[in-house]
Structures are given as structure tokens and as C-alpha cells.
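> Just so it is clear, I am handing over model25.cif, which has mmCIF, C-alpha atoms.
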```cif
data_coords
loop_
_atom_site.label_atom_id
_atom_site.label_comp_id
_atom_site.auth_asym_id
_atom_site.auth_seq_id
_atom_site.Cartn_x
_atom_site.Cartn_y
_atom_site.Cartn_z
CA MET A 1 197.18 48.83 126.99
CA TYR A 2 200.13 48.28 124.65
CA SER A 3 202.53 51.14 123.93
CA ASP A 4 203.32 52.14 120.34
CA LYS A 5 206.76 50.57 120.62
CA VAL A 6 205.28 47.23 121.75
CA ILE A 7 202.81 47.29 118.86
CA ASP A 8 205.63 48.12 116.44
CA HIS A 9 207.73 45.13 117.57
CA TYR A 10 204.69 42.89 117.80
CA THR A 11 203.44 43.62 114.28
CA ALA A 12 206.93 43.70 112.72
CA PRO A 13 209.15 41.57 114.97
CA ARG A 14 212.88 41.83 114.22
CA ASN A 15 215.11 38.78 113.88
CA VAL A 16 212.53 36.03 114.14
CA GLY A 17 213.94 32.62 113.39
CA SER A 18 216.66 30.32 114.53
CA PHE A 19 220.25 29.26 114.06
CA GLU A 20 221.57 25.73 114.08
CA LYS A 21 221.65 24.87 117.76
CA GLU A 22 224.72 22.67 117.48
CA ASP A 23 226.83 25.39 115.82
CA LYS A 24 229.72 26.08 118.19
CA ASP A 25 229.48 29.83 117.55
CA VAL A 26 225.84 29.88 118.62
CA GLY A 27 224.51 30.21 122.17
CA THR A 28 220.89 29.23 122.79
CA GLY A 29 218.72 30.24 125.73
CA VAL A 30 215.23 28.82 126.21
CA VAL A 31 213.32 30.28 129.15
CA GLY A 32 209.75 30.32 130.44
CA ALA A 33 207.73 32.53 132.76
CA PRO A 34 205.56 30.59 135.21
CA GLU A 35 203.37 33.68 135.80
CA CYS A 36 202.02 33.62 132.26
CA GLY A 37 203.29 30.38 130.69
CA ASP A 38 205.12 32.22 127.90
CA VAL A 39 208.19 30.54 126.42
CA MET A 40 211.04 32.26 124.63
CA LYS A 41 214.08 31.10 122.68
CA LEU A 42 216.90 33.53 122.05
CA GLN A 43 220.03 32.68 120.08
CA LEU A 44 223.26 34.59 119.68
CA LYS A 45 225.85 34.13 116.97
CA VAL A 46 229.26 35.09 118.28
CA GLU A 47 232.53 35.89 116.52
CA ASN A 48 235.62 36.92 118.49
CA ASP A 49 233.50 37.53 121.58
CA ARG A 50 231.24 39.91 119.68
CA ILE A 51 227.61 39.15 118.90
CA ILE A 52 227.27 39.39 115.13
CA ASP A 53 223.69 38.19 114.85
CA ALA A 54 220.72 37.21 117.00
CA LYS A 55 217.43 35.39 116.50
CA PHE A 56 214.41 34.73 118.64
CA LYS A 57 211.19 32.84 118.72
CA THR A 58 208.61 33.59 121.38
CA PHE A 59 205.30 31.95 122.15
CA GLY A 60 203.52 34.47 124.30
CA CYS A 61 201.82 37.82 124.60
CA GLY A 62 202.67 41.00 122.70
CA SER A 63 204.91 42.28 125.49
CA ALA A 64 206.95 39.08 125.54
CA ILE A 65 207.37 39.17 121.77
CA ALA A 66 208.33 42.86 121.84
CA SER A 67 210.77 42.31 124.72
CA SER A 68 212.59 39.53 122.91
CA SER A 69 212.51 41.34 119.58
CA LEU A 70 214.07 44.41 121.20
CA ALA A 71 216.61 42.23 123.01
CA THR A 72 217.87 40.78 119.71
CA GLU A 73 218.24 44.29 118.29
CA TRP A 74 220.14 45.51 121.32
CA VAL A 75 222.60 42.62 121.60
CA LYS A 76 223.76 42.81 118.02
CA GLY A 77 227.21 44.38 117.78
CA LYS A 78 227.80 44.13 121.51
CA THR A 79 230.45 41.98 123.13
CA ILE A 80 229.04 39.14 125.21
CA GLU A 81 230.12 41.00 128.37
CA GLU A 82 228.21 44.10 127.27
CA ALA A 83 225.14 42.04 126.34
CA ALA A 84 225.16 40.38 129.75
CA GLU A 85 224.68 43.80 131.30
CA ILE A 86 221.34 44.52 129.60
CA THR A 87 218.72 44.63 132.34
CA ASN A 88 215.03 43.96 132.30
CA SER A 89 214.31 47.49 133.55
CA GLU A 90 216.02 48.98 130.47
CA ILE A 91 213.81 46.83 128.24
CA ALA A 92 210.68 47.62 130.26
CA GLU A 93 211.45 51.34 130.14
CA GLU A 94 212.11 51.38 126.39
CA LEU A 95 208.82 49.56 125.73
CA ASN A 96 206.80 51.39 128.40
CA LEU A 97 205.65 48.09 129.87
CA PRO A 98 202.94 48.31 132.54
CA PRO A 99 203.71 46.69 135.94
CA VAL A 100 201.79 43.49 135.12
CA LYS A 101 204.02 42.95 132.09
CA ILE A 102 207.38 43.53 133.73
CA HIS A 103 207.92 39.78 133.90
CA CYS A 104 208.06 39.73 130.08
CA SER A 105 211.15 41.93 130.17
CA VAL A 106 212.59 39.74 132.92
CA LEU A 107 212.11 36.79 130.59
CA ALA A 108 214.06 38.57 127.83
CA GLU A 109 216.92 39.36 130.20
CA ASP A 110 216.95 35.74 131.41
CA ALA A 111 217.00 34.55 127.80
CA ILE A 112 220.06 36.70 126.94
CA LYS A 113 221.88 35.42 130.02
CA ALA A 114 220.92 31.80 129.32
CA ALA A 115 222.15 32.11 125.73
CA ILE A 116 225.47 33.59 126.86
CA LYS A 117 225.89 30.84 129.44
CA ASP A 118 225.17 28.22 126.79
CA TYR A 119 227.69 29.81 124.42
CA LYS A 120 230.41 29.87 127.09
CA GLN A 121 229.78 26.24 128.00
CA ARG A 122 230.05 25.25 124.35
CA LYS A 123 233.33 27.11 123.99
CA GLN A 124 234.74 25.37 127.05
CA ASN A 125 233.77 21.97 125.73
CA THR A 126 235.46 22.44 122.38
CA MET B 1 192.94 37.13 147.93
CA ILE B 2 191.39 37.16 151.35
CA PRO B 3 193.54 36.06 154.23
CA SER B 4 192.61 33.11 156.32
CA GLU B 5 194.21 33.46 159.70
CA GLU B 6 192.94 30.18 160.97
CA LEU B 7 194.82 28.13 158.42
CA LYS B 8 197.94 30.21 158.79
CA GLU B 9 198.11 29.80 162.58
CA ASP B 10 200.77 27.61 164.06
CA LYS B 11 199.59 24.07 163.74
CA SER B 12 200.09 23.45 167.47
CA ASP B 13 196.93 25.52 167.92
CA HIS B 14 195.03 23.12 165.74
CA HIS B 15 192.99 20.18 166.75
CA GLY B 16 193.34 18.33 163.50
CA HIS B 17 190.46 20.06 161.75
CA HIS B 18 190.02 23.48 160.23
CA HIS B 19 186.46 23.33 159.15
CA CYS B 20 184.10 26.19 158.65
CA ALA B 21 181.50 24.31 160.68
CA SER B 22 182.75 25.88 163.90
CA GLU B 23 181.72 29.34 162.65
CA ARG B 24 178.46 30.71 163.96
CA CYS B 25 175.98 33.18 162.53
CA ASP B 26 176.40 36.86 163.51
CA LYS B 27 172.68 37.07 164.21
CA CYS B 28 171.04 33.75 165.18
CA ASP B 29 174.15 31.86 166.32
CA SER B 30 173.35 28.86 164.12
CA GLU B 31 176.31 26.88 162.88
CA LEU B 32 177.28 28.23 159.45
CA LYS B 33 177.45 25.99 156.42
CA HIS B 34 178.84 28.81 154.28
CA THR B 35 180.89 31.44 156.07
CA ILE B 36 179.35 34.41 154.23
CA TYR B 37 175.67 33.62 154.62
CA CYS B 38 173.46 31.97 157.24
CA THR B 39 171.03 29.57 155.62
CA ALA B 40 169.04 29.34 158.88
CA CYS B 41 168.08 33.01 159.34
CA GLU B 42 169.20 34.36 155.93
CA LYS B 43 171.59 36.87 157.51
CA ILE B 44 174.50 38.03 155.39
CA GLN B 45 177.72 37.58 157.38
CA GLN B 46 180.53 40.02 158.15
CA TYR B 47 184.01 39.20 156.95
CA ASN B 48 185.90 37.24 159.53
CA LYS B 49 189.42 36.02 159.83
CA THR B 50 188.70 32.37 159.19
CA MET B 51 186.88 33.02 155.93
CA ASN B 52 188.47 31.61 152.79
CA TYR B 53 187.47 30.58 149.26
CA PHE B 54 186.76 27.06 150.43
CA SER B 55 184.80 27.88 153.58
CA ILE B 56 182.45 30.28 151.81
CA PHE B 57 181.22 27.33 149.75
CA GLY B 58 181.21 25.02 152.77
CA VAL B 59 183.90 22.69 151.42
CA SER B 60 187.10 21.70 153.20
CA PRO B 61 190.34 23.19 151.91
CA GLY B 62 192.11 20.72 149.67
CA TYR B 63 193.39 20.28 146.14
CA ASP B 64 190.66 17.83 145.20
CA ILE B 65 187.34 19.59 145.07
CA ASP B 66 183.86 18.50 144.19
CA LYS B 67 182.96 20.92 141.40
CA LYS B 68 179.30 19.95 141.57
CA GLU B 69 179.16 20.77 145.25
CA VAL B 70 180.91 24.12 144.71
CA THR B 71 178.64 24.96 141.77
CA ALA B 72 175.52 24.14 143.78
CA ALA B 73 176.69 26.30 146.71
CA PHE B 74 177.71 29.08 144.30
CA GLU B 75 174.31 29.16 142.63
CA ARG B 76 172.48 29.19 145.92
CA LEU B 77 174.68 31.95 147.39
CA ILE B 78 174.83 34.14 144.29
CA PHE B 79 171.03 34.24 144.38
CA ALA B 80 170.71 34.72 148.16
CA LEU B 81 173.37 37.45 148.24
CA HIS B 82 172.26 39.27 145.10
CA PRO B 83 172.20 43.06 145.63
CA ASP B 84 168.54 43.07 144.49
CA MET B 85 167.71 41.15 147.68
CA TYR B 86 169.06 44.00 149.80
CA VAL B 87 167.37 47.06 148.30
CA ASN B 88 165.47 47.49 151.56
CA GLY B 89 168.31 46.25 153.74
CA SER B 90 170.72 48.24 155.89
CA LYS B 91 173.54 50.17 154.23
CA GLU B 92 175.94 47.71 155.77
CA ASP B 93 174.16 44.66 154.34
CA GLN B 94 173.93 46.33 150.94
CA ALA B 95 177.67 46.89 150.92
CA LEU B 96 178.30 43.31 152.06
CA SER B 97 175.99 41.98 149.36
CA LEU B 98 178.04 43.76 146.69
CA SER B 99 181.41 42.71 148.00
CA HIS B 100 180.32 39.15 148.74
CA THR B 101 178.97 38.79 145.22
CA ALA B 102 182.35 39.83 143.82
CA LEU B 103 184.01 37.48 146.30
CA LEU B 104 181.85 34.56 145.13
CA TYR B 105 182.91 35.02 141.51
CA GLU B 106 186.54 35.34 142.45
CA ALA B 107 186.38 32.32 144.74
CA LYS B 108 184.68 30.12 142.14
CA GLU B 109 187.17 31.18 139.47
CA THR B 110 190.03 30.37 141.83
CA LEU B 111 188.71 26.96 142.87
CA PHE B 112 187.85 25.85 139.35
CA TYR B 113 191.30 26.31 137.85
CA PRO B 114 193.98 23.91 139.11
CA PHE B 115 196.78 26.49 138.95
CA LYS B 116 194.82 29.14 140.83
CA ARG B 117 193.37 26.64 143.29
CA GLY B 118 196.75 25.12 144.07
CA ARG B 119 198.44 28.48 144.48
CA TYR B 120 195.63 29.78 146.68
CA LEU B 121 195.61 26.64 148.81
CA LEU B 122 199.36 26.92 149.28
CA SER B 123 198.97 30.53 150.38
CA LEU B 124 196.58 29.34 153.09
CA LEU B 125 198.89 26.56 154.22
CA MET B 126 202.37 28.00 153.95
CA PRO B 127 203.26 30.99 156.13
CA GLY B 128 205.16 33.61 154.18
CA PHE B 129 204.19 32.27 150.75
CA ASP B 130 203.71 35.35 148.58
CA GLY B 131 202.28 33.60 145.54
CA MET B 132 205.59 33.67 143.68
CA ILE B 133 205.97 30.53 141.63
CA PRO B 134 209.54 29.41 140.88
CA GLN B 135 210.96 28.50 137.48
CA PRO B 136 209.99 25.00 136.36
CA PRO B 137 212.83 22.57 135.60
CA GLN B 138 214.74 23.46 132.41
CA ALA B 139 213.85 20.14 130.76
CA PHE B 140 210.20 21.03 131.16
CA VAL B 141 210.64 24.50 129.60
CA LEU B 142 212.36 22.86 126.62
CA GLU B 143 209.50 20.40 126.33
CA MET B 144 206.99 23.26 126.33
CA PHE B 145 208.90 25.04 123.58
CA GLU B 146 209.04 21.84 121.60
CA ILE B 147 205.28 21.32 121.89
CA GLN B 148 204.65 24.93 120.82
CA GLU B 149 206.75 24.27 117.70
CA GLU B 150 204.83 21.06 117.15
CA LEU B 151 201.66 23.16 117.12
CA ASP B 152 203.24 25.50 114.55
CA LEU B 153 203.55 22.46 112.29
CA VAL B 154 199.94 21.53 112.96
CA GLN B 155 198.89 25.05 111.94
CA GLU B 156 200.95 24.76 108.77
CA GLY B 157 199.04 21.62 107.91
CA SER B 158 201.54 18.95 108.92
CA GLY B 159 201.64 17.27 112.31
CA SER B 160 198.76 15.79 114.21
CA LEU B 161 196.61 17.94 116.48
CA LYS B 162 195.18 14.87 118.20
CA GLN B 163 198.63 13.50 118.98
CA THR B 164 199.85 16.76 120.48
CA GLU B 165 196.63 17.11 122.43
CA ALA B 166 197.07 13.62 123.86
CA ARG B 167 200.64 14.47 124.87
CA ILE B 168 199.47 17.58 126.73
CA ASN B 169 196.61 15.77 128.41
CA LEU B 170 198.97 13.09 129.65
CA LEU B 171 201.27 15.74 131.16
CA LEU B 172 198.30 17.48 132.75
CA GLN B 173 197.04 14.25 134.25
CA GLU B 174 200.43 13.43 135.74
CA ILE B 175 200.74 16.87 137.31
CA ASP B 176 197.18 16.78 138.61
CA GLU B 177 197.72 13.42 140.27
CA ALA B 178 201.02 14.54 141.78
CA LEU B 179 199.46 17.74 143.16
CA SER B 180 196.56 15.80 144.61
CA ALA B 181 198.86 13.34 146.40
CA ASP B 182 201.35 15.99 147.52
CA PHE B 183 198.69 18.30 148.98
CA LYS B 184 197.19 15.35 150.85
CA ALA B 185 200.62 14.72 152.38
CA TYR B 186 201.33 18.40 153.01
CA ILE B 187 198.09 19.51 154.67
CA PRO B 188 198.60 17.44 157.87
CA ASN B 189 202.38 17.93 157.85
CA ARG B 190 203.39 21.47 156.96
CA GLU B 191 206.95 21.07 158.17
CA ASP B 192 207.49 18.89 155.12
CA LYS B 193 209.50 21.31 152.99
CA MET B 194 210.33 18.70 150.37
CA THR B 195 206.65 18.13 149.57
CA ALA B 196 206.07 21.90 149.50
CA GLY B 197 208.89 22.13 146.96
CA LYS B 198 207.31 19.43 144.81
CA ILE B 199 203.98 21.27 144.94
CA LEU B 200 205.63 24.53 143.82
CA SER B 201 207.46 22.77 141.02
CA ASN B 202 204.26 21.24 139.71
CA LEU B 203 202.30 24.48 140.04
CA ALA B 204 205.03 26.15 137.97
CA LYS B 205 204.21 23.79 135.11
CA LEU B 206 200.47 24.32 135.01
CA LYS B 207 200.36 27.77 133.41
CA PHE B 208 202.43 26.56 130.46
CA LEU B 209 200.05 23.68 129.90
CA ASP B 210 197.09 26.07 130.22
CA ASN B 211 198.55 28.12 127.37
CA LEU B 212 199.07 25.05 125.23
CA GLY B 213 195.51 23.91 125.93
CA GLU B 214 194.23 27.35 124.96
CA ARG B 215 196.22 27.28 121.70
CA ILE B 216 194.90 23.82 120.88
CA ARG B 217 191.33 25.04 121.39
CA MET B 218 192.00 27.95 119.02
CA ILE B 219 193.54 25.71 116.37
CA GLY B 220 190.68 23.23 116.69
CA LYS B 221 188.16 26.05 116.33
CA ASN B 222 189.89 27.42 113.22
CA LEU B 223 190.02 23.96 111.68
CA ARG B 224 186.29 23.53 112.25
CA ASP B 225 185.53 27.02 110.92
CA ASN B 226 187.54 26.28 107.78
CA LEU B 227 185.63 23.06 107.20
CA ASN B 228 182.28 24.82 107.43
#
```
Any chance you could give the structure as C-alpha cells?

Amino acid sequence: MYSDKVIDHYTAPRNVGSFEKEDKDVGTGVVGAPECGDVMKLQLKVENDRIIDAKFKTFGCGSAIASSSLATEWVKGKTIEEAAEITNSEIAEELNLPPVKIHCSVLAEDAIKAAIKDYKQRKQNT
Amino acid sequence: MIPSEELKEDKSDHHGHHHCASERCDKCDSELKHTIYCTACEKIQQYNKTMNYFSIFGVSPGYDIDKKEVTAAFERLIFALHPDMYVNGSKEDQALSLSHTALLYEAKETLFYPFKRGRYLLSLLMPGFDGMIPQPPQAFVLEMFEIQEELDLVQEGSGSLKQTEARINLLLQEIDEALSADFKAYIPNREDKMTAGKILSNLAKLKFLDNLGERIRMIGKNLRDNLN
């Protein structure tokens, strides 16, 4: 049921790992999907409003891992405004996700947005 | 999911009970203990609007269920409704036997798992509930992530599986008790939106704990396999 692209990301996930959460240049988003119980952490490292690096760690199915792996690839090099515009349907389309796995791509979109929100809050507080 | 019109009706139409006992057999008019099968005349029953996963086993709809009672009813019905019993029956009964058998498996599966049971029960009680479960509180999501990382450590050989397991079981117990109490409050008073909200919030947590429980079983199994 998995597409080739999902299997590729699942077997060789990009950007697995984490940054120091307290780093003021890092935004962290931790989200969960109640439909499947998967949890995902996505972190962005930002310099001059541009995302220079991204990491993720996902506990979940192949589609959730692939969605977050792809999300970290896509956000790199983008400004935070550009990254905020990535939608779940773009991720689902790229990975050929079946309807029952769409929520995995939603999770990845939510994680990007949560990480951006966290980054902005940190910037405001410093 | 099969709809249950009776439970969804405005509660002003109710008389305080929504039991399957008021249903009568299509054929002999006996009172039905299980809404899909008449134990008096052995007639397989048509679908009807009051049928639900609880009534087919003859138990009242609620979060707390007697698994022994459901299992006993399941075993009796799965035998009585087996397609082999209807090889000489009417085409209609044969078709019902097949679909009721599938229904029995689905119903048992639903009632035996707290998340599925709670969500199904809520769909019977709350008009307009489409089964969508909201996001759990952020603190809970963080806790789930933290426990998953704790299990990574266990897999790497540090950390205590027993300790993490106890932590999960405690969370599960708390949620189970809350759901039990909240459903008891909500069933007679469905205007109580606050309790409905608490139920949804606790249901949202169950799937995460299911996953953790599943991972713990896998780790435990691997540890045992490695010892052997």
C-alpha cells in the first residue's frame, strides 16, 4: 500500500535527530494525531528569517515518517513565511498517500506550523 | 457503524430507558434478548433502526461493559447465526446470516477496545457527532513524545521497561475511570456539553496510549526472544 516515495523516505529518512530545544534560533513543534496515536517532533533552525536546517523525529507509521522527512527537506532554504505555506495536500500528493493516510500529511503540516509559532514566540521573548 | 435511531432521538421522547428488551421477534413476537436473533423461535432478525452494537449482545449501552457477558452472547450468536446453519434457509436469511456474522465481529471488536467503544457510544448519544476526535491537550502530546523517547532508551539497553509500563498503566487507569464517570453523567443528561467535551478529550488520549502499549509488548517480546 505504500508508494515508492514513502518507502524511500521510510527506509532512508532525511534529517532525523534534534536540535537543542532552548536555542533561541530553533523552533520546535510537537504534534500528535488522535486518529492513529502517532507523535511527531519537527525542529527548524532559523537565521535571518530563513530556515537553514531542519530535524525531525516521528513515532508512527511509514506515512507519518515519510511526511515529516519530506517536510524537513522542503522547508530547508525557505523563509519562515514560505514554509508556513506548505500544505498537507502538497505533501500527500508528492507521496501519493491513500485517503486513510492523509492525516499523516496533516500532522506534518501542523508540525511545521507549530515549530514556526514556537520560533516566533521565542524571538518575541528575547 | 450501524445507526441507532432510538438513541439519537430527542430525549423528550424517552422514558428513561433505551433497552433492547422492548424489541420483539419478527416471527413469533417474543421479546428479544439480542436484537439480531430470537432465542425463542431461532428466527434471524431483520435490521431495524434501534439495533446497535450493545443491543445485539443484549447489554445496555454504557462505557462500562461486562466482557464475560458480551463474550458469552457473542459465542452463542456466532454459532446460531453461522452461515452453515442457513444452507437450507431462504435467500434472505442466508444473506442476513452473512451480514450479521460480520456485524458480530465488528461489534465485539468495537466493544472490547475502550477507544472504539467510547467513540461508538458517543456516536449513539451525541447528535451530529461524526467520529472526529479533537487534538488532545498539548501537555499530553509532549508527555507521549517523552514516553516514546523513554522507550528508545529502553531499547538501547538503558531505562526501565517496567517503570515506563507502570507509568502508562497509571495514565490508562486514570483515563478509564474518568470516561466511566463522565459517560455515567452524560447518558442521562445529554445537554451537558462540558461533560461531552471531557469525554472527547479523554478519548483523544487513548489511541496514543494504545500505541505505547503496543510498543511495550513488542519490546517485551524481543527481550524475551533474546533471552531464549
> Applied to the shown file, which residues does the PyMOL selection byres ((chain A) within 8 of (chain B)) return, written as a list in words?
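Applying the expression gives Val30, Val31, Gly32, Ala33, Pro34, Glu35, Cys36, Gly37, Asp38, Val39, Met40 and Phe59 of chain A.
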> Applying 10 Å and only C-alpha atoms, which residues near Arg24 in chain B remain after dropping the ones on its own chain fewer than 4 positions away? List them as an mmCIF file with C-alpha atoms, in the coordinates of the input.

```cif
data_model
loop_
_atom_site.group_PDB
_atom_site.id
_atom_site.type_symbol
_atom_site.label_atom_id
_atom_site.label_comp_id
_atom_site.auth_asym_id
_atom_site.auth_seq_id
_atom_site.Cartn_x
_atom_site.Cartn_y
_atom_site.Cartn_z
ATOM 1 C CA CYS B 20 184.100 26.190 158.650
ATOM 2 C CA CYS B 28 171.040 33.750 165.180
ATOM 3 C CA ASP B 29 174.150 31.860 166.320
ATOM 4 C CA SER B 30 173.350 28.860 164.120
ATOM 5 C CA GLU B 31 176.310 26.880 162.880
ATOM 6 C CA LEU B 32 177.280 28.230 159.450
ATOM 7 C CA LYS B 33 177.450 25.990 156.420
ATOM 8 C CA HIS B 34 178.840 28.810 154.280
ATOM 9 C CA THR B 35 180.890 31.440 156.070
ATOM 10 C CA CYS B 38 173.460 31.970 157.240
ATOM 11 C CA GLN B 45 177.720 37.580 157.380
#
```
> List as a ChimeraX atom specification the protein and nucleic acid residues near range 111-113 of chain B, meaning an atom at most 12 Å away when all atoms listed in the file are counted, but skip any in the same chain fewer than 3 places from it.
/B:52-57,59-71,74,104-108,116-121,176,203,206-207,210
> For range 41-46 of chain A, work out the shell of residues within 7 Å, counting all atoms listed in the file and skipping chain neighbours fewer than 6 positions away, then give it as a compact mmCIF listing (two decimals) with C-alpha atoms, keeping the file's coordinate frame.

```txt
# COMPACT_ATOMS: atom_id res chain seq x y z
CA SER A 18 216.66 30.32 114.53
CA PHE A 19 220.25 29.26 114.06
CA ASP A 25 229.48 29.83 117.55
CA VAL A 26 225.84 29.88 118.62
CA GLY A 27 224.51 30.21 122.17
CA THR A 28 220.89 29.23 122.79
CA GLY A 29 218.72 30.24 125.73
CA VAL A 30 215.23 28.82 126.21
CA VAL A 31 213.32 30.28 129.15
CA ILE A 52 227.27 39.39 115.13
CA ASP A 53 223.69 38.19 114.85
CA ALA A 54 220.72 37.21 117.00
CA LYS A 55 217.43 35.39 116.50
CA PHE A 56 214.41 34.73 118.64
CA LYS A 57 211.19 32.84 118.72
CA THR A 58 208.61 33.59 121.38
CA ALA A 111 217.00 34.55 127.80
CA ILE A 112 220.06 36.70 126.94
CA ALA A 115 222.15 32.11 125.73
```
> How far is it from CA of Ala66 in chain A to CA of Glu93 in chain A, in Å with one decimal?
12.3 Å
> Please evaluate the PyMOL selection byres ((chain B and resi 161-173) around 10) against the displayed coordinates and give the resulting residues as number ranges by chain.
B: 144, 147-148, 150-151, 153-155, 157-160, 174-179, 202, 205-206, 209-210, 212-213, 216-217, 219-220
> Atoms to include: C-alpha atoms. Write the selected residues as a PDB file, in the frame of the given file.

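The resulting file, out_30.pdb, is shown below:
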```
ATOM      1  CA  MET B 144     206.990  23.260 126.330  1.00  0.00           C
ATOM      2  CA  ILE B 147     205.280  21.320 121.890  1.00  0.00           C
ATOM      3  CA  GLN B 148     204.650  24.930 120.820  1.00  0.00           C
ATOM      4  CA  GLU B 150     204.830  21.060 117.150  1.00  0.00           C
ATOM      5  CA  LEU B 151     201.660  23.160 117.120  1.00  0.00           C
ATOM      6  CA  LEU B 153     203.550  22.460 112.290  1.00  0.00           C
ATOM      7  CA  VAL B 154     199.940  21.530 112.960  1.00  0.00           C
ATOM      8  CA  GLN B 155     198.890  25.050 111.940  1.00  0.00           C
ATOM      9  CA  GLY B 157     199.040  21.620 107.910  1.00  0.00           C
ATOM     10  CA  SER B 158     201.540  18.950 108.920  1.00  0.00           C
ATOM     11  CA  GLY B 159     201.640  17.270 112.310  1.00  0.00           C
ATOM     12  CA  SER B 160     198.760  15.790 114.210  1.00  0.00           C
ATOM     13  CA  GLU B 174     200.430  13.430 135.740  1.00  0.00           C
ATOM     14  CA  ILE B 175     200.740  16.870 137.310  1.00  0.00           C
ATOM     15  CA  ASP B 176     197.180  16.780 138.610  1.00  0.00           C
ATOM     16  CA  GLU B 177     197.720  13.420 140.270  1.00  0.00           C
ATOM     17  CA  ALA B 178     201.020  14.540 141.780  1.00  0.00           C
ATOM     18  CA  LEU B 179     199.460  17.740 143.160  1.00  0.00           C
ATOM     19  CA  ASN B 202     204.260  21.240 139.710  1.00  0.00           C
ATOM     20  CA  LYS B 205     204.210  23.790 135.110  1.00  0.00           C
ATOM     21  CA  LEU B 206     200.470  24.320 135.010  1.00  0.00           C
ATOM     22  CA  LEU B 209     200.050  23.680 129.900  1.00  0.00           C
ATOM     23  CA  ASP B 210     197.090  26.070 130.220  1.00  0.00           C
ATOM     24  CA  LEU B 212     199.070  25.050 125.230  1.00  0.00           C
ATOM     25  CA  GLY B 213     195.510  23.910 125.930  1.00  0.00           C
ATOM     26  CA  ILE B 216     194.900  23.820 120.880  1.00  0.00           C
ATOM     27  CA  ARG B 217     191.330  25.040 121.390  1.00  0.00           C
ATOM     28  CA  ILE B 219     193.540  25.710 116.370  1.00  0.00           C
ATOM     29  CA  GLY B 220     190.680  23.230 116.690  1.00  0.00           C
TER      30      GLY B 220
END
```
